[in-house]
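Shown next: input.txt, containing compact mmCIF, C-alpha atoms.
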# COMPACT_ATOMS: atom_id res chain seq x y z
CA GLN A 1 17.53 -5.90 4.73
CA ILE A 2 15.22 -8.57 3.33
CA GLN A 3 14.32 -11.68 5.26
CA LYS A 4 12.66 -14.59 3.50
CA MET A 5 10.19 -16.68 5.42
CA ALA A 6 6.60 -17.87 5.10
CA VAL A 7 5.02 -15.26 7.35
CA LEU A 8 1.78 -15.34 5.37
CA SER A 9 0.96 -18.88 4.31
CA LEU A 10 -1.15 -19.50 1.19
CA PRO A 11 -4.32 -20.02 3.30
CA GLN A 12 -3.61 -16.73 5.11
CA GLN A 13 -3.13 -14.94 1.79
CA GLN A 14 -6.42 -16.42 0.59
CA THR A 15 -8.07 -15.17 3.78
CA ILE A 16 -6.87 -11.65 2.99
CA ALA A 17 -8.22 -11.97 -0.56
CA THR A 18 -11.69 -13.09 0.51
CA ALA A 19 -12.19 -11.10 3.74
CA ARG A 20 -14.85 -8.41 3.57
CA ALA A 21 -14.94 -5.06 5.35
CA VAL A 22 -16.86 -5.81 8.52
CA GLY A 23 -20.45 -4.74 9.14
CA ASP A 24 -21.03 -1.02 8.95
CA VAL A 25 -17.42 -0.24 9.88
CA LYS A 26 -15.79 1.50 6.95
CA SER A 27 -12.40 0.21 5.84
CA GLN A 28 -11.65 -2.51 8.36
CA LEU A 29 -11.12 -6.18 7.59
CA ALA A 30 -11.47 -8.86 10.26
CA LEU A 31 -7.92 -10.19 9.93
CA PRO A 32 -5.62 -11.63 12.61
CA THR A 33 -2.91 -9.40 14.06
CA CYS A 34 -0.29 -12.01 14.81
CA GLY A 35 3.21 -12.71 13.51
CA PRO A 36 6.62 -11.05 13.73
CA LEU A 37 5.66 -7.75 12.09
CA TYR A 38 2.67 -7.25 14.39
CA ASP A 39 4.91 -8.13 17.34
CA ARG A 40 7.29 -5.48 16.08
CA ILE A 41 4.46 -2.94 15.90
CA ARG A 42 3.45 -3.72 19.48
CA ARG A 43 7.01 -2.93 20.61
CA ARG A 44 7.38 0.26 18.57
CA ARG A 45 8.38 3.62 20.04
CA LEU A 46 5.60 6.16 20.50
CA ALA A 47 5.80 9.91 20.99
CA SER A 48 3.32 9.90 23.88
CA ALA A 49 2.45 7.47 26.67
CA GLU A 50 -1.21 8.16 25.89
CA LEU A 51 -0.89 6.40 22.55
CA GLY A 52 -1.21 2.66 22.02
CA PRO A 53 0.70 0.75 19.31
CA MET A 54 -2.54 -0.24 17.53
CA ASP A 55 -5.33 1.96 18.87
CA SER A 56 -7.05 1.56 15.50
CA ILE A 57 -6.50 -0.35 12.27
CA ILE A 58 -7.62 1.00 8.90
CA ASP A 59 -7.39 -1.10 5.74
CA TYR A 60 -6.57 0.32 2.30
CA THR A 61 -5.78 -0.99 -1.16
CA LEU A 62 -3.05 0.09 -3.57
CA VAL A 63 -2.71 -0.83 -7.26
CA THR A 64 0.33 -0.49 -9.52
CA CYS A 65 -0.55 -0.68 -13.24
CA LEU A 66 2.18 -1.86 -15.60
CA ARG A 67 2.54 -1.37 -19.37
CA GLY A 68 5.73 -3.01 -20.59
CA ARG A 69 8.55 -1.12 -18.86
CA GLU A 70 6.24 1.63 -17.64
CA VAL A 71 4.28 2.03 -14.41
CA LEU A 72 1.29 4.31 -14.01
CA LEU A 73 1.47 6.64 -11.02
CA GLY A 74 -0.91 9.36 -9.97
CA LEU A 75 -0.08 12.77 -8.52
CA LYS A 76 -2.32 13.20 -5.47
CA LEU A 77 -4.24 16.44 -5.84
CA ARG A 78 -5.94 16.59 -2.44
CA GLY A 79 -6.16 14.90 0.92
CA PHE A 80 -3.65 12.63 2.60
CA GLY A 81 -0.41 12.45 0.59
CA VAL A 82 -1.17 15.52 -1.51
CA ASN A 83 1.52 16.43 -4.09
CA LYS A 84 3.05 12.96 -3.92
CA TRP A 85 3.15 10.40 -6.74
CA ASN A 86 1.56 7.12 -5.75
CA GLY A 87 -0.35 4.13 -7.00
CA PHE A 88 -4.14 4.08 -7.01
CA GLY A 89 -6.27 2.94 -4.09
CA GLY A 90 -8.00 3.89 -0.91
CA LYS A 91 -10.36 2.86 1.85
CA PHE A 92 -12.86 0.02 1.78
CA GLU A 93 -16.60 0.43 1.57
CA PRO A 94 -18.57 -1.86 3.92
CA GLY A 95 -18.77 -5.40 2.58
CA GLU A 96 -16.02 -5.04 -0.03
CA THR A 97 -13.20 -7.51 -0.46
CA ALA A 98 -9.69 -6.21 -1.08
CA GLU A 99 -9.96 -6.97 -4.80
CA GLU A 100 -13.35 -5.29 -5.10
CA CYS A 101 -12.02 -2.21 -3.33
CA ALA A 102 -8.90 -2.16 -5.52
CA ARG A 103 -10.95 -2.36 -8.72
CA ARG A 104 -13.32 0.40 -7.63
CA GLU A 105 -10.57 2.75 -6.47
CA LEU A 106 -8.56 2.23 -9.66
CA ARG A 107 -11.63 3.04 -11.74
CA GLU A 108 -12.53 6.12 -9.69
CA GLU A 109 -9.01 7.55 -9.56
CA SER A 110 -7.68 6.75 -13.04
CA GLY A 111 -10.56 5.69 -15.30
CA LEU A 112 -8.95 2.26 -15.88
CA GLU A 113 -10.92 -0.97 -15.54
CA ALA A 114 -8.82 -3.85 -14.22
CA ARG A 115 -9.46 -7.15 -16.00
CA THR A 116 -7.17 -9.06 -13.64
CA LEU A 117 -5.37 -8.18 -10.42
CA ASP A 118 -2.43 -9.97 -8.82
CA TRP A 119 -1.95 -9.77 -5.05
CA ARG A 120 1.63 -8.71 -4.31
CA GLY A 121 1.83 -7.98 -0.62
CA GLN A 122 0.75 -6.31 2.56
CA LEU A 123 2.23 -3.03 3.82
CA LEU A 124 1.89 -2.01 7.47
CA PHE A 125 2.42 1.69 8.20
CA THR A 126 2.74 3.38 11.57
CA PHE A 127 3.66 6.90 12.68
CA GLN A 128 5.37 7.51 16.00
CA ASP A 129 2.94 10.30 16.89
CA SER A 130 -0.15 8.19 16.13
CA GLY A 131 -1.72 5.03 17.47
CA LYS A 132 -3.20 4.19 14.07
CA LEU A 133 -2.03 1.26 11.96
CA MET A 134 -2.55 1.66 8.22
CA ARG A 135 -2.75 -1.78 6.58
CA VAL A 136 -2.37 -1.62 2.80
CA HIS A 137 -3.18 -4.52 0.45
CA LEU A 138 -1.03 -4.23 -2.67
CA PHE A 139 -2.03 -5.45 -6.14
CA SER A 140 -0.41 -5.21 -9.55
CA CYS A 141 -2.35 -4.99 -12.81
CA VAL A 142 -1.05 -5.69 -16.31
CA ASP A 143 -4.42 -6.41 -17.95
CA PHE A 144 -6.75 -3.42 -17.97
CA ALA A 145 -9.13 -1.56 -20.25
CA GLY A 146 -9.32 2.12 -21.06
CA ASP A 147 -6.94 5.06 -20.99
CA PRO A 148 -5.86 7.00 -17.89
CA VAL A 149 -7.80 10.20 -17.26
CA ASP A 150 -7.36 13.01 -14.77
CA THR A 151 -9.77 12.92 -11.85
CA ASP A 152 -10.46 15.33 -9.02
CA GLU A 153 -8.09 13.33 -6.83
CA MET A 154 -5.30 12.03 -9.09
CA ARG A 155 -3.39 13.10 -12.20
CA PRO A 156 -2.06 9.90 -13.87
CA LYS A 157 1.26 9.69 -15.71
CA TRP A 158 3.34 6.81 -17.08
CA PHE A 159 6.95 6.48 -15.81
CA ASP A 160 9.78 4.24 -16.89
CA VAL A 161 10.36 1.71 -14.12
CA ASP A 162 13.97 2.89 -13.84
CA GLU A 163 13.04 6.59 -13.67
CA LEU A 164 10.64 6.76 -10.75
CA PRO A 165 10.04 10.20 -9.15
CA LEU A 166 11.20 8.90 -5.77
CA ASP A 167 12.02 12.37 -4.45
CA GLN A 168 8.29 13.17 -4.72
CA MET A 169 6.95 9.89 -3.34
CA TRP A 170 6.48 8.36 0.08
CA ASP A 171 9.82 7.52 1.69
CA ASP A 172 9.00 3.80 1.93
CA ASP A 173 8.44 3.44 -1.84
CA LYS A 174 12.16 3.33 -2.60
CA THR A 175 12.49 0.17 -0.49
CA TRP A 176 9.83 -2.04 -2.09
CA LEU A 177 8.46 -0.53 -5.32
CA PRO A 178 11.51 -1.18 -7.56
CA LYS A 179 11.52 -4.82 -6.39
CA VAL A 180 7.84 -5.25 -7.27
CA LEU A 181 8.28 -3.60 -10.67
CA HIS A 182 11.34 -5.63 -11.67
CA ASP A 183 10.32 -9.05 -10.32
CA PRO A 184 6.77 -10.30 -10.97
CA ALA A 185 7.35 -13.12 -8.47
CA PHE A 186 8.30 -10.78 -5.63
CA ASN A 187 5.58 -10.91 -2.97
CA PHE A 188 6.19 -9.55 0.49
CA GLN A 189 4.99 -8.21 3.81
CA ALA A 190 6.59 -5.13 5.36
CA HIS A 191 6.33 -2.69 8.24
CA PHE A 192 7.44 0.94 7.96
CA ASP A 193 7.55 3.19 11.03
CA TYR A 194 7.50 6.91 10.19
CA ALA A 195 8.91 9.79 12.22
CA PRO A 196 6.57 12.18 14.04
CA GLY A 197 5.12 14.69 11.63
CA GLY A 198 3.80 12.08 9.21
CA GLU A 199 3.50 13.04 5.57
CA HIS A 200 5.08 16.47 6.10
CA VAL A 201 8.32 15.00 7.47
CA ASN A 202 8.06 11.89 5.24
CA THR A 203 10.89 9.97 6.90
CA VAL A 204 10.96 6.25 7.66
CA LEU A 205 12.90 5.69 10.88
CA ASP A 206 12.74 1.90 10.91
CA HIS A 207 11.44 -0.87 8.71
CA GLU A 208 11.40 -4.60 8.14
CA LEU A 209 10.59 -6.34 4.85
CA ILE A 210 9.92 -10.05 4.58
CA GLN A 211 9.77 -11.77 1.21
CA LEU A 212 7.06 -14.42 0.94

What is this structure when it is put down as structure tokens?
Amino acid sequence: QIQKMAVLSLPQQQTIATARAVGDVKSQLALPTCGPLYDRIRRRRLASAELGPMDSIIDYTLVTCLRGREVLLGLKLRGFGVNKWNGFGGKFEPGETAEECARRELREESGLEARTLDWRGQLLFTFQDSGKLMRVHLFSCVDFAGDPVDTDEMRPKWFDVDELPLDQMWDDDKTWLPKVLHDPAFNFQAHFDYAPGGEHVNTVLDHELIQL
């Protein structure tokens, strides 16, 4: 179910765009943790009493590249999310903004150079057997240079936007990705809470999506 409300005001969205990864801490932005989705995270069910709802926060970027009716996805070859199709992105280096991180990760994982990036939303991921919050800053890119190339981490491939390999993607993708691909004005914030077992179980137990 989609709610529509101004959870992230324009100044807050601008804050996300300009915030830099703090000090020597890799992949963490100094952003506020307030609002209905963060309240929801604080109330979430955990597999152990020793875990806290937000013991740590790690920031990531994610880029979806579009070419007409096609979207570029990459098959993850190693690490977290291996053997799943996904967009391109990753953790921040110290001092990077979200856009700088997104550009660098896209270049490193696909060989493409983004000329422009459009901020589309913020994804909050939790796992019931972990106290970590994964905060993902989503961008779309329709203006880029170069051709996709295989890297040691990703194998890029173009897909029709109506023929996504959802059975080999993260469970949450089916909820938001088609909306982003079909509506260039669709910006959002969402929280997805995964079952214990993480990427191996790959099951969202609860979620909330708020259109901005």

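Put simply, atom CA of Phe92 of chain A is 6.8 Å away from atom CA of Asp59 of chain A.
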
So that I can check the surroundings of Pro53 of chain A, please list as a ChimeraX atom specification every protein, DNA and RNA residue that reaches within 7 Å of it, counting only C-alpha atoms and ignoring chain neighbours fewer than 4 positions away. /A:41-42,44,131

Neighbour list for Pro178 of chain A as number ranges by chain, cut-off 9 Å, only C-alpha atoms, skip fewer than 6 positions in-chain: A: 161-162, 164

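Using all atoms listed in the file, the smallest distance between any of A:Asp118, A:Glu100, A:Asp172, A:Glu153 and Glu199 of chain A comes from A:Asp172.
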
Using all atoms listed in the file, which residues sit within 12 Å of segment 203-210 of chain A once same-chain residues fewer than 4 positions away are excluded, as a ChimeraX atom specification? /A:1-8,35-41,44-45,121-128,167,169-177,179,186-199

Could those residues be written to a file, using C-alpha atoms, as a PDB file, keeping the file's coordinate frame?
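Just written: selection_10.pdb:
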ATOM      1  CA  GLN A   1      17.530  -5.900   4.730  1.00  0.00           C
ATOM      2  CA  ILE A   2      15.220  -8.570   3.330  1.00  0.00           C
ATOM      3  CA  GLN A   3      14.320 -11.680   5.260  1.00  0.00           C
ATOM      4  CA  LYS A   4      12.660 -14.590   3.500  1.00  0.00           C
ATOM      5  CA  MET A   5      10.190 -16.680   5.420  1.00  0.00           C
ATOM      6  CA  ALA A   6       6.600 -17.870   5.100  1.00  0.00           C
ATOM      7  CA  VAL A   7       5.020 -15.260   7.350  1.00  0.00           C
ATOM      8  CA  LEU A   8       1.780 -15.340   5.370  1.00  0.00           C
ATOM      9  CA  GLY A  35       3.210 -12.710  13.510  1.00  0.00           C
ATOM     10  CA  PRO A  36       6.620 -11.050  13.730  1.00  0.00           C
ATOM     11  CA  LEU A  37       5.660  -7.750  12.090  1.00  0.00           C
ATOM     12  CA  TYR A  38       2.670  -7.250  14.390  1.00  0.00           C
ATOM     13  CA  ASP A  39       4.910  -8.130  17.340  1.00  0.00           C
ATOM     14  CA  ARG A  40       7.290  -5.480  16.080  1.00  0.00           C
ATOM     15  CA  ILE A  41       4.460  -2.940  15.900  1.00  0.00           C
ATOM     16  CA  ARG A  44       7.380   0.260  18.570  1.00  0.00           C
ATOM     17  CA  ARG A  45       8.380   3.620  20.040  1.00  0.00           C
ATOM     18  CA  GLY A 121       1.830  -7.980  -0.620  1.00  0.00           C
ATOM     19  CA  GLN A 122       0.750  -6.310   2.560  1.00  0.00           C
ATOM     20  CA  LEU A 123       2.230  -3.030   3.820  1.00  0.00           C
ATOM     21  CA  LEU A 124       1.890  -2.010   7.470  1.00  0.00           C
ATOM     22  CA  PHE A 125       2.420   1.690   8.200  1.00  0.00           C
ATOM     23  CA  THR A 126       2.740   3.380  11.570  1.00  0.00           C
ATOM     24  CA  PHE A 127       3.660   6.900  12.680  1.00  0.00           C
ATOM     25  CA  GLN A 128       5.370   7.510  16.000  1.00  0.00           C
ATOM     26  CA  ASP A 167      12.020  12.370  -4.450  1.00  0.00           C
ATOM     27  CA  MET A 169       6.950   9.890  -3.340  1.00  0.00           C
ATOM     28  CA  TRP A 170       6.480   8.360   0.080  1.00  0.00           C
ATOM     29  CA  ASP A 171       9.820   7.520   1.690  1.00  0.00           C
ATOM     30  CA  ASP A 172       9.000   3.800   1.930  1.00  0.00           C
ATOM     31  CA  ASP A 173       8.440   3.440  -1.840  1.00  0.00           C
ATOM     32  CA  LYS A 174      12.160   3.330  -2.600  1.00  0.00           C
ATOM     33  CA  THR A 175      12.490   0.170  -0.490  1.00  0.00           C
ATOM     34  CA  TRP A 176       9.830  -2.040  -2.090  1.00  0.00           C
ATOM     35  CA  LEU A 177       8.460  -0.530  -5.320  1.00  0.00           C
ATOM     36  CA  LYS A 179      11.520  -4.820  -6.390  1.00  0.00           C
ATOM     37  CA  PHE A 186       8.300 -10.780  -5.630  1.00  0.00           C
ATOM     38  CA  ASN A 187       5.580 -10.910  -2.970  1.00  0.00           C
ATOM     39  CA  PHE A 188       6.190  -9.550   0.490  1.00  0.00           C
ATOM     40  CA  GLN A 189       4.990  -8.210   3.810  1.00  0.00           C
ATOM     41  CA  ALA A 190       6.590  -5.130   5.360  1.00  0.00           C
ATOM     42  CA  HIS A 191       6.330  -2.690   8.240  1.00  0.00           C
ATOM     43  CA  PHE A 192       7.440   0.940   7.960  1.00  0.00           C
ATOM     44  CA  ASP A 193       7.550   3.190  11.030  1.00  0.00           C
ATOM     45  CA  TYR A 194       7.500   6.910  10.190  1.00  0.00           C
ATOM     46  CA  ALA A 195       8.910   9.790  12.220  1.00  0.00           C
ATOM     47  CA  PRO A 196       6.570  12.180  14.040  1.00  0.00           C
ATOM     48  CA  GLY A 197       5.120  14.690  11.630  1.00  0.00           C
ATOM     49  CA  GLY A 198       3.800  12.080   9.210  1.00  0.00           C
ATOM     50  CA  GLU A 199       3.500  13.040   5.570  1.00  0.00           C
TER      51      GLU A 199
END

Which residues are close to Thr151 of chain A, i.e. within 9 Å by all atoms listed in the file, leaving aside same-chain residues fewer than 5 positions away? Reply as a PyMOL selection string. chain A and resi 77+108-111+156

Give the answer as one residue: which of A:Asp160, A:Lys132, A:Met154, A:Gly146 has the shortest atom-to-atom distance to Asn83 of chain A, using only C-alpha atoms? A:Met154

Show me, as lines of an AutoDock Vina configuration file, the centre and edge lengths in Å to one decimal of the axis-aligned box that covers every listed atom of segment 186-201 of chain A with 5 Å on each side.
center_x = 6.2
center_y = 2.8
center_z = 4.2
size_x = 15.4
size_y = 37.4
size_z = 29.7

Could you model all heavy atoms for segment 169-180 of chain A and present them as a short mmCIF file (atom, residue, chain, number, x, y, z; two decimals), in the coordinates of the input?
data_model
loop_
_atom_site.label_atom_id
_atom_site.label_comp_id
_atom_site.auth_asym_id
_atom_site.auth_seq_id
_atom_site.Cartn_x
_atom_site.Cartn_y
_atom_site.Cartn_z
N MET A 169 7.79 11.02 -3.72
CA MET A 169 6.95 9.89 -3.34
C MET A 169 7.11 9.65 -1.85
O MET A 169 7.95 10.27 -1.18
CB MET A 169 7.34 8.64 -4.15
CG MET A 169 7.17 8.80 -5.64
SD MET A 169 7.67 7.35 -6.61
CE MET A 169 6.35 6.21 -6.20
N TRP A 170 6.31 8.75 -1.31
CA TRP A 170 6.48 8.36 0.08
C TRP A 170 7.84 7.73 0.28
O TRP A 170 8.34 7.00 -0.59
CB TRP A 170 5.37 7.40 0.49
CG TRP A 170 4.04 8.06 0.74
CD1 TRP A 170 3.00 8.18 -0.13
CD2 TRP A 170 3.64 8.73 1.94
NE1 TRP A 170 1.97 8.87 0.44
CE2 TRP A 170 2.33 9.22 1.72
CE3 TRP A 170 4.25 8.96 3.17
CZ2 TRP A 170 1.61 9.93 2.69
CZ3 TRP A 170 3.53 9.66 4.15
CH2 TRP A 170 2.24 10.13 3.90
N ASP A 171 8.45 7.98 1.43
CA ASP A 171 9.82 7.52 1.69
C ASP A 171 9.95 6.01 1.59
O ASP A 171 11.00 5.49 1.18
CB ASP A 171 10.25 8.00 3.09
CG ASP A 171 11.72 7.81 3.36
OD1 ASP A 171 12.52 7.87 2.40
OD2 ASP A 171 12.08 7.61 4.53
N ASP A 172 8.92 5.27 1.95
CA ASP A 172 9.00 3.80 1.93
C ASP A 172 9.05 3.23 0.52
O ASP A 172 9.55 2.12 0.30
CB ASP A 172 7.81 3.18 2.67
CG ASP A 172 6.49 3.54 2.02
OD1 ASP A 172 5.96 4.62 2.31
OD2 ASP A 172 5.98 2.74 1.21
N ASP A 173 8.56 3.98 -0.48
CA ASP A 173 8.44 3.44 -1.84
C ASP A 173 9.79 2.98 -2.40
O ASP A 173 9.86 2.00 -3.14
CB ASP A 173 7.83 4.48 -2.77
CG ASP A 173 6.35 4.69 -2.52
OD1 ASP A 173 5.71 3.81 -1.93
OD2 ASP A 173 5.83 5.76 -2.90
N LYS A 174 10.85 3.68 -2.05
CA LYS A 174 12.16 3.33 -2.60
C LYS A 174 12.63 1.95 -2.14
O LYS A 174 13.48 1.33 -2.80
CB LYS A 174 13.20 4.38 -2.20
CG LYS A 174 13.44 4.47 -0.70
CD LYS A 174 14.31 5.65 -0.33
CE LYS A 174 14.53 5.75 1.17
NZ LYS A 174 15.21 7.02 1.56
N THR A 175 12.06 1.46 -1.04
CA THR A 175 12.49 0.17 -0.49
C THR A 175 11.83 -1.00 -1.21
O THR A 175 12.48 -2.01 -1.48
CB THR A 175 12.16 0.10 1.01
OG1 THR A 175 12.83 1.17 1.68
CG2 THR A 175 12.59 -1.22 1.62
N TRP A 176 10.55 -0.88 -1.55
CA TRP A 176 9.83 -2.04 -2.09
C TRP A 176 9.37 -1.88 -3.54
O TRP A 176 9.28 -2.89 -4.26
CB TRP A 176 8.61 -2.36 -1.21
CG TRP A 176 7.60 -1.26 -1.13
CD1 TRP A 176 7.53 -0.26 -0.20
CD2 TRP A 176 6.51 -1.02 -2.03
NE1 TRP A 176 6.47 0.58 -0.46
CE2 TRP A 176 5.82 0.13 -1.57
CE3 TRP A 176 6.04 -1.68 -3.17
CZ2 TRP A 176 4.71 0.64 -2.22
CZ3 TRP A 176 4.92 -1.17 -3.82
CH2 TRP A 176 4.27 -0.02 -3.35
N LEU A 177 9.06 -0.67 -3.99
CA LEU A 177 8.46 -0.53 -5.32
C LEU A 177 9.37 -1.00 -6.45
O LEU A 177 8.91 -1.73 -7.34
CB LEU A 177 8.03 0.92 -5.54
CG LEU A 177 7.30 1.21 -6.85
CD1 LEU A 177 6.08 0.32 -7.02
CD2 LEU A 177 6.90 2.68 -6.94
N PRO A 178 10.67 -0.66 -6.48
CA PRO A 178 11.51 -1.18 -7.56
C PRO A 178 11.55 -2.71 -7.59
O PRO A 178 11.60 -3.31 -8.68
CB PRO A 178 12.90 -0.59 -7.24
CG PRO A 178 12.59 0.66 -6.47
CD PRO A 178 11.40 0.31 -5.63
N LYS A 179 11.51 -3.35 -6.44
CA LYS A 179 11.52 -4.82 -6.39
C LYS A 179 10.25 -5.38 -7.02
O LYS A 179 10.29 -6.36 -7.79
CB LYS A 179 11.66 -5.30 -4.94
CG LYS A 179 12.96 -4.90 -4.27
CD LYS A 179 12.99 -5.38 -2.84
CE LYS A 179 14.32 -5.10 -2.16
NZ LYS A 179 14.62 -3.66 -2.04
N VAL A 180 9.11 -4.79 -6.71
CA VAL A 180 7.84 -5.25 -7.27
C VAL A 180 7.80 -5.04 -8.78
O VAL A 180 7.33 -5.90 -9.53
CB VAL A 180 6.67 -4.49 -6.60
CG1 VAL A 180 5.36 -4.71 -7.36
CG2 VAL A 180 6.51 -4.95 -5.15
#
